[in-house]
Every structure is written in structure tokens, then in C-alpha cells.
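Visitor: Here you go, this is upload14.cif (mmCIF, C-alpha atoms).
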data_coords
loop_
_atom_site.label_atom_id
_atom_site.label_comp_id
_atom_site.auth_asym_id
_atom_site.auth_seq_id
_atom_site.Cartn_x
_atom_site.Cartn_y
_atom_site.Cartn_z
CA MET H 1 93.82 93.68 190.97
CA GLY H 2 97.21 94.36 192.50
CA LEU H 3 97.20 91.29 194.74
CA ASN H 4 100.29 89.37 195.67
CA LEU H 5 99.33 86.23 197.58
CA SER H 6 101.71 84.05 199.56
CA TYR H 7 101.01 81.31 202.03
CA ALA H 8 102.65 79.02 204.54
CA ILE H 9 101.32 75.83 206.05
CA GLN H 10 100.69 75.40 209.76
CA PRO H 11 102.27 71.97 210.39
CA SER H 12 100.04 71.16 213.36
CA PRO H 13 97.05 72.82 215.05
CA ASP H 14 98.99 74.76 217.66
CA GLY H 15 96.71 77.80 217.91
CA LEU H 16 95.72 80.84 215.90
CA ALA H 17 98.49 83.05 217.27
CA GLN H 18 100.98 80.68 215.68
CA ALA H 19 99.96 82.23 212.35
CA PHE H 20 102.05 85.27 213.23
CA ILE H 21 105.11 83.19 214.02
CA ILE H 22 104.73 81.22 210.77
CA GLY H 23 103.95 84.35 208.74
CA GLU H 24 106.63 86.57 210.23
CA SER H 25 108.85 86.21 207.17
CA PHE H 26 105.98 87.44 204.98
CA LEU H 27 104.95 90.31 207.20
CA GLY H 28 108.20 91.66 208.61
CA ASP H 29 107.14 94.42 210.99
CA ALA H 30 104.14 95.60 208.95
CA PRO H 31 100.60 95.85 210.31
CA ALA H 32 98.65 92.61 209.90
CA ALA H 33 95.14 91.27 209.49
CA LEU H 34 94.08 87.74 210.32
CA VAL H 35 90.87 86.20 208.99
CA LEU H 36 89.77 82.68 209.81
CA GLY H 37 88.96 80.76 206.67
CA ASP H 38 85.95 78.90 208.04
CA ASN H 39 83.83 82.01 208.64
CA ILE H 40 81.78 84.12 206.26
CA PHE H 41 81.62 87.83 207.02
CA TYR H 42 78.86 90.05 205.71
CA GLY H 43 76.61 92.83 206.86
CA HIS H 44 75.62 96.44 206.71
CA ASP H 45 78.65 98.76 206.57
CA LEU H 46 81.15 95.88 206.78
CA ALA H 47 83.32 97.47 204.07
CA ASN H 48 83.43 100.73 206.05
CA ASP H 49 84.23 98.87 209.28
CA LEU H 50 87.09 97.03 207.54
CA LYS H 51 88.48 100.27 206.11
CA ALA H 52 88.34 101.91 209.56
CA ALA H 53 90.14 98.96 211.13
CA ASP H 54 92.80 99.06 208.41
CA LEU H 55 93.37 102.80 208.95
CA ARG H 56 93.99 102.39 212.69
CA GLN H 57 97.57 103.45 213.35
CA GLN H 58 97.88 102.03 216.88
CA GLY H 59 96.29 99.11 218.63
CA ALA H 60 94.05 96.38 217.35
CA THR H 61 90.51 95.86 216.13
CA VAL H 62 88.81 92.62 217.09
CA PHE H 63 85.37 91.99 215.63
CA ALA H 64 82.66 90.38 217.77
CA TYR H 65 79.09 89.25 217.17
CA PRO H 66 76.30 88.08 219.51
CA VAL H 67 75.75 84.30 219.49
CA HIS H 68 73.53 81.82 221.33
CA ASP H 69 76.41 79.61 222.52
CA PRO H 70 79.27 81.96 223.52
CA GLU H 71 80.99 79.29 225.64
CA ARG H 72 82.26 77.78 222.38
CA TYR H 73 84.23 80.92 221.46
CA GLY H 74 86.48 83.66 222.69
CA VAL H 75 84.11 86.06 224.44
CA VAL H 76 84.38 89.82 224.86
CA GLU H 77 82.57 91.64 227.66
CA PHE H 78 81.57 95.29 227.22
CA ASN H 79 80.84 97.99 229.77
CA ALA H 80 77.82 100.33 229.61
CA GLU H 81 79.73 102.65 227.21
CA GLY H 82 80.38 99.80 224.78
CA ARG H 83 84.11 99.49 225.58
CA ALA H 84 85.69 96.07 225.92
CA VAL H 85 86.47 95.24 229.55
CA SER H 86 87.48 91.58 229.34
CA LEU H 87 88.37 88.80 226.91
CA GLU H 88 88.13 85.11 227.73
CA GLU H 89 88.76 82.00 225.67
CA LYS H 90 85.87 79.50 225.76
CA PRO H 91 84.65 80.45 229.27
CA ALA H 92 82.38 78.04 231.16
CA GLN H 93 80.34 81.05 232.34
CA PRO H 94 80.49 83.69 229.57
CA LYS H 95 80.23 87.31 230.70
CA SER H 96 78.42 88.25 227.47
CA ARG H 97 76.92 86.78 224.30
CA TYR H 98 79.58 88.42 222.10
CA ALA H 99 81.85 85.91 220.41
CA VAL H 100 85.09 86.96 218.79
CA THR H 101 84.45 86.21 215.12
CA GLY H 102 87.89 85.44 213.76
CA LEU H 103 88.50 88.79 212.07
CA TYR H 104 91.40 90.77 213.53
CA PHE H 105 93.48 93.82 212.57
CA TYR H 106 96.74 94.62 214.39
CA ASP H 107 99.19 97.51 214.24
CA SER H 108 102.86 96.80 213.55
CA ALA H 109 103.56 95.92 217.22
CA TRP H 110 101.99 92.46 216.72
CA TRP H 111 105.41 91.02 215.95
CA SER H 112 106.65 91.61 219.49
CA SER H 113 103.79 89.64 221.06
CA PRO H 114 103.28 86.13 219.62
CA ASN H 115 106.74 84.85 220.43
CA ARG H 116 106.16 85.73 224.09
CA SER H 117 103.04 83.57 224.23
CA LYS H 118 103.13 80.35 226.12
CA PRO H 119 100.81 77.52 225.15
CA SER H 120 97.51 77.43 227.01
CA PRO H 121 96.39 74.41 229.03
CA ARG H 122 94.91 73.22 225.71
CA GLY H 123 98.46 73.24 224.28
CA GLU H 124 97.78 76.09 221.85
CA LEU H 125 99.05 79.62 221.31
CA GLU H 126 95.75 81.39 221.92
CA ILE H 127 94.77 84.42 219.87
CA THR H 128 92.88 85.59 222.97
CA ASP H 129 96.25 86.01 224.74
CA LEU H 130 97.47 88.32 221.96
CA ASN H 131 94.17 90.22 221.97
CA SER H 132 94.29 90.57 225.75
CA ARG H 133 97.78 92.08 225.57
CA TYR H 134 96.47 94.67 223.14
CA TRP H 135 93.40 95.32 225.25
CA LYS H 136 95.50 95.90 228.40
#
Could you express the structure from this file as C-alpha cells?
Guide:
Amino acid sequence: MGLNLSYAIQPSPDGLAQAFIIGESFLGDAPAALVLGDNIFYGHDLANDLKAADLRQQGATVFAYPVHDPERYGVVEFNAEGRAVSLEEKPAQPKSRYAVTGLYFYDSAWWSSPNRSKPSPRGELEITDLNSRYWK
């Protein structure tokens, strides 16, 4: 199938963005995708959406999905045109029902961002911080 799989172990749960620091030796300065292993992704046109995200030359693609309990997730707010206008990690008062699903595609500039992250009040390198830098 042409796959070459490598892995590294996250020694402690210090946040999703730490994956890029740990995986930097694998990725170099190439574009990257991050998929959380505890989610199952499916749906109409998912393959086409993934291909489109992979073809993006600049920026990032962050997938979101409406949920009943958005306060448990990173939440993206959209304007009337469907463009993202804010990202928040586990907000007490979510601005939308759209949870960030754990499926991310980044251009090759990702490598300049994670090392600048500072741990959140929860003590983690938050993926929402990386996504917010892309969004801005």
C-alpha cells in the first residue's frame, strides 16, 4: 500500500499540541495531519473533504461537528457566511454547538508554532492555541 508507519510515545498527557514537538523528527518541515485515535470519522463526502484538506497549500483545516454538549470540547463559532470567527477550549458558555472533532490538517508552517506554546492553566499544550494562531 505504500505506507511507512513510525510512532513515538507521549511520556505524559501534556496536551495534543505536544504531538508536533514529539513528532518533529518524523515530520521535519513537511505538512502534517493529526487525528485523535479515540474518534471514528465517517460521513457523506468525507473522502473528498480529506483530499481537499490535504491539497491545501497554505493554512489549516480543522474539522468540526455539531454536538449536544459543546462545553466538553474545543468549540468553533461561525459567522453568517460560515467562516470561523472564534475558537475556544472547553468554554463554560459555548458560542456554538460545533465541537472540534480531533481531525486537523496543517501546512508546513506548523513547525514554527508548537514550540512557542505555553501550557494552559490546565498544564497542557492546547491544540486550540495552535489552531487559533492559524485562524488569526
Visitor: Using only C-alpha atoms, determine which residues lie at most 8 Å from Ser6 (chain H), disregarding the query and same-chain residues fewer than 2 positions distant; provide the list as a list in words.
Guide: Asn4, Ala8 and Phe26 of chain H
Visitor: Would you translate the PyMOL selection byres ((chain H and resi 13-22) around 6) into the concrete set of residues it matches in this file, as an MDAnalysis selection string?
Guide: chainID H and resid 12 23:24 124:127
Visitor: Identify all residues satisfying the PyMOL selection byres ((chain H and resi 56-59) around 8) in the given file; provide them as a compact mmCIF listing (two decimals) with C-alpha atoms, in the frame of the given file.
Guide:
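Result saved to selection.txt:
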# COMPACT_ATOMS: atom_id res chain seq x y z
CA ALA H 52 88.34 101.91 209.56
CA ALA H 53 90.14 98.96 211.13
CA ASP H 54 92.80 99.06 208.41
CA LEU H 55 93.37 102.80 208.95
CA ALA H 60 94.05 96.38 217.35
CA THR H 61 90.51 95.86 216.13
CA TYR H 106 96.74 94.62 214.39
CA ASP H 107 99.19 97.51 214.24
CA SER H 108 102.86 96.80 213.55
CA TYR H 134 96.47 94.67 223.14
Visitor: Check what the PyMOL selection byres ((chain H and resi 87-100) around 12) selects in the file above and give those residues as a ChimeraX atom specification.
Guide: /H:15,35-36,39,61-79,82-86,101-104,120-122,124-136
Visitor: Using all atoms listed in the file, which of the listed residues (H:Pro31, H:Pro11, H:Gly43, H:Gly2) sits closest to Trp110 (chain H)?
Guide: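 The closest residue to Trp110 (chain H) is H:Pro31.
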Visitor: At what distance in Å, to one decimal, does CA of Leu50 (chain H) lie from CA of Met1 (chain H)?
Guide: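 Result for CA of Met1 (chain H) versus CA of Leu50 (chain H): 18.2 Å, one decimal.
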Visitor: Tell me, in Å to one decimal, how far CA of Tyr42 (chain H) is from CA of Ala80 (chain H).
Guide: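 Calculated distance between CA of Tyr42 (chain H) and CA of Ala80 (chain H) is 26.0 Å.
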Visitor: I'd like the interatomic distance between CA of Asp49 (chain H) and CA of Phe105 (chain H), to a tenth of an Å.
Guide: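 For CA of Asp49 (chain H) relative to CA of Phe105 (chain H), the distance reads 11.0 Å.
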Visitor: Rank H:Ala109, H:Gly123, H:Tyr7, H:Lys118 by their smallest atom-to-atom distance to Ala30 (chain H), using only C-alpha atoms, and report the top residue only.
Guide: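 With only C-alpha atoms as the atom set, the closest residue is H:Ala109.
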